[in-house]
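Report on the structure given below.
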Amino acid sequence: GVHINARIIREYPLSSTTVSAVGYVGRITSTDLSNLGPNYSASNFIGKLGAEKAFEDLLHGTVGYQQAEVNATGNIVRKLKETPPISGNSIYLTIDSKLEKTAIDALGKVSGAVVAIQPQTGEILALVSNPAYDPNLFVTGISQTDYNRLRNAPSNPLYNRAIRGEYPLASTIKPFLSLV
């Protein structure tokens, strides 16, 4: 009388180091579900921020299902129809986690952002917002206490300064202006 149903849960081993670029997955809300197709009917999680959200269509794959005849005790007697799941695609980011760690260490306790781009290719090597937070808190559902702590923190760790921050051009524009 034992049935095993596997499910995949994301784990972010680099925690807050790569959250600005990678983002995280979280539970599908009723609002999310109303905007999604039938391929999400058996899913629990969806990309909420960063690459997880931007590449959700590629990463998600196709949900499988099984129709089975069960007896009165709930045991499967026979399988009537089965459609196997199809894994999503793999993606490879150009983020260098060691460079991101170096940027975080350089920022220390200062709120700010660091974006490192490979000039020859345009690849993003580092996308850091400081302070950051642990995306693992969101995967299976963050507690209200933890969410309130992050949301109400004076340092505003949920704000991605690398993506959303608007900063004056300052000295970085001066060499270009001198060329004009």
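Order determines the names: the first chain of the structure tokens is A, the second B, and so forth; residues in each chain are numbered 1 upward, and ligands are numbered 1 upward as they are shown.
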At a cut-off of 7 Å, using only C-alpha atoms, what residues contact Ala68 of chain A? Leave out same-chain residues fewer than 2 positions from it and give the result as a CSV table (one decimal) with all heavy atoms, in the first residue's frame.
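What landed in around.csv:
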```
chain,number,residue,atom,x,y,z
A,66,GLN,N,-0.7,10.1,-15.2
A,66,GLN,CA,-1.0,8.7,-15.2
A,66,GLN,C,-2.5,8.5,-14.8
A,66,GLN,O,-2.9,9.1,-13.8
A,66,GLN,CB,-0.1,7.9,-14.2
A,66,GLN,CG,-0.3,6.5,-14.1
A,66,GLN,CD,0.5,5.8,-13.1
A,66,GLN,OE1,0.3,5.9,-11.9
A,66,GLN,NE2,1.6,5.2,-13.5
A,70,VAL,N,-7.9,2.0,-9.4
A,70,VAL,CA,-7.5,1.7,-8.0
A,70,VAL,C,-8.7,0.9,-7.4
A,70,VAL,O,-9.8,1.0,-7.7
A,70,VAL,CB,-7.2,3.0,-7.2
A,70,VAL,CG1,-6.0,3.7,-7.8
A,70,VAL,CG2,-8.4,3.9,-7.2
A,76,ILE,N,-3.2,0.7,-6.7
A,76,ILE,CA,-3.3,0.7,-8.1
A,76,ILE,C,-3.5,-0.8,-8.6
A,76,ILE,O,-2.7,-1.6,-8.3
A,76,ILE,CB,-2.1,1.3,-8.8
A,76,ILE,CG1,-2.0,2.8,-8.5
A,76,ILE,CG2,-2.1,1.1,-10.3
A,76,ILE,CD1,-0.8,3.5,-9.0
A,78,ARG,N,-4.4,-1.4,-12.1
A,78,ARG,CA,-3.8,-1.4,-13.4
A,78,ARG,C,-3.7,0.1,-13.9
A,78,ARG,O,-4.5,0.9,-13.5
A,78,ARG,CB,-4.5,-2.2,-14.4
A,78,ARG,CG,-5.9,-1.8,-14.7
A,78,ARG,CD,-6.6,-2.8,-15.7
A,78,ARG,NE,-8.0,-2.4,-15.8
A,78,ARG,CZ,-8.7,-2.1,-16.9
A,78,ARG,NH1,-8.0,-2.2,-18.0
A,78,ARG,NH2,-9.9,-1.8,-16.8
A,79,LYS,N,-2.7,0.3,-14.7
A,79,LYS,CA,-2.5,1.6,-15.3
A,79,LYS,C,-3.3,1.6,-16.6
A,79,LYS,O,-3.2,0.7,-17.5
A,79,LYS,CB,-1.1,1.9,-15.6
A,79,LYS,CG,-0.2,2.0,-14.4
A,79,LYS,CD,1.3,2.2,-14.8
A,79,LYS,CE,2.1,2.2,-13.5
A,79,LYS,NZ,3.5,2.3,-13.9
A,80,LEU,N,-4.2,2.6,-16.8
A,80,LEU,CA,-5.0,2.8,-18.0
A,80,LEU,C,-4.3,3.6,-19.0
A,80,LEU,O,-4.4,3.3,-20.2
A,80,LEU,CB,-6.3,3.4,-17.6
A,80,LEU,CG,-7.2,2.7,-16.6
A,80,LEU,CD1,-8.4,3.5,-16.2
A,80,LEU,CD2,-7.6,1.3,-17.1
A,81,LYS,N,-3.6,4.6,-18.6
A,81,LYS,CA,-3.0,5.5,-19.6
A,81,LYS,C,-1.8,6.2,-18.8
A,81,LYS,O,-2.0,6.6,-17.7
A,81,LYS,CB,-4.0,6.5,-20.1
A,81,LYS,CG,-3.4,7.4,-21.3
A,81,LYS,CD,-4.5,8.3,-21.8
A,81,LYS,CE,-4.0,9.1,-22.9
A,81,LYS,NZ,-5.0,10.1,-23.5
```
Any idea what's packed within 8 Å of segment 110-120 of chain A, counting only C-alpha atoms, ignoring anything in its chain fewer than 5 positions away? Could you give it as a compact mmCIF listing (two decimals) with all heavy atoms, in the first residue's frame?
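Output contents, as saved in around.txt:
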```txt
# COMPACT_ATOMS: atom_id res chain seq x y z
N ALA A 103 33.11 40.41 -5.85
CA ALA A 103 32.35 41.67 -5.87
C ALA A 103 31.60 41.87 -4.55
O ALA A 103 31.58 42.98 -4.01
CB ALA A 103 31.38 41.68 -7.04
N LEU A 125 29.30 38.57 -16.61
CA LEU A 125 30.16 37.73 -15.76
C LEU A 125 29.79 37.82 -14.29
O LEU A 125 30.00 36.89 -13.53
CB LEU A 125 31.63 38.13 -15.95
CG LEU A 125 32.15 38.05 -17.39
CD1 LEU A 125 33.59 38.55 -17.46
CD2 LEU A 125 32.04 36.63 -17.91
N ALA A 126 29.25 38.96 -13.90
CA ALA A 126 28.81 39.14 -12.51
C ALA A 126 27.64 40.10 -12.50
O ALA A 126 27.62 41.08 -13.24
CB ALA A 126 29.95 39.67 -11.65
N LEU A 127 26.67 39.79 -11.69
CA LEU A 127 25.49 40.64 -11.50
C LEU A 127 25.15 40.56 -10.02
O LEU A 127 24.51 39.62 -9.58
CB LEU A 127 24.33 40.14 -12.36
CG LEU A 127 23.10 41.02 -12.41
CD1 LEU A 127 23.37 42.21 -13.34
CD2 LEU A 127 21.91 40.24 -12.94
N VAL A 128 25.65 41.53 -9.28
CA VAL A 128 25.57 41.48 -7.82
C VAL A 128 24.78 42.66 -7.30
O VAL A 128 24.98 43.79 -7.73
CB VAL A 128 26.99 41.49 -7.20
CG1 VAL A 128 26.94 41.64 -5.70
CG2 VAL A 128 27.76 40.25 -7.60
N SER A 129 23.89 42.39 -6.37
CA SER A 129 23.18 43.42 -5.63
C SER A 129 23.44 43.15 -4.15
O SER A 129 23.28 42.03 -3.68
CB SER A 129 21.68 43.35 -5.92
OG SER A 129 20.99 44.32 -5.18
N ASN A 130 23.87 44.18 -3.46
CA ASN A 130 24.22 44.01 -2.05
C ASN A 130 23.43 45.00 -1.21
O ASN A 130 23.36 46.17 -1.57
CB ASN A 130 25.73 44.26 -1.87
CG ASN A 130 26.23 43.77 -0.55
OD1 ASN A 130 25.95 42.67 -0.15
ND2 ASN A 130 27.01 44.61 0.13
N PRO A 131 22.80 44.59 -0.13
CA PRO A 131 22.78 43.24 0.42
C PRO A 131 21.86 42.32 -0.38
O PRO A 131 21.01 42.79 -1.12
CB PRO A 131 22.25 43.44 1.84
CG PRO A 131 21.39 44.65 1.74
CD PRO A 131 22.04 45.52 0.70
N SER A 155 17.99 47.90 4.97
CA SER A 155 18.92 47.77 3.86
C SER A 155 18.24 47.30 2.57
O SER A 155 18.87 47.27 1.52
CB SER A 155 20.04 46.80 4.23
OG SER A 155 19.49 45.53 4.54
N ARG A 161 19.45 45.96 -6.89
CA ARG A 161 20.08 47.20 -7.32
C ARG A 161 20.77 47.08 -8.68
O ARG A 161 20.88 48.05 -9.41
CB ARG A 161 21.09 47.65 -6.26
CG ARG A 161 20.43 48.12 -4.99
CD ARG A 161 21.41 48.14 -3.81
NE ARG A 161 20.76 48.66 -2.62
CZ ARG A 161 19.99 47.95 -1.81
NH1 ARG A 161 19.76 46.68 -2.08
NH2 ARG A 161 19.43 48.49 -0.75
N ALA A 162 21.24 45.88 -9.01
CA ALA A 162 21.92 45.67 -10.29
C ALA A 162 20.96 45.77 -11.48
O ALA A 162 21.35 46.20 -12.56
CB ALA A 162 22.61 44.31 -10.30
```
Would you kindly return, as a ChimeraX atom specification, each protein, DNA or RNA residue with an atom no farther than 12 Å from any atom of Lys53 of chain A, considering only C-alpha atoms and excluding same-chain residues fewer than 2 positions away?
/A:20-26,32,45-51,55-60
Hey, what does DSSP flag as strand (DSSP E or B) within segment 4-170 of chain A? Can you give it to me as a count of residues only?
38
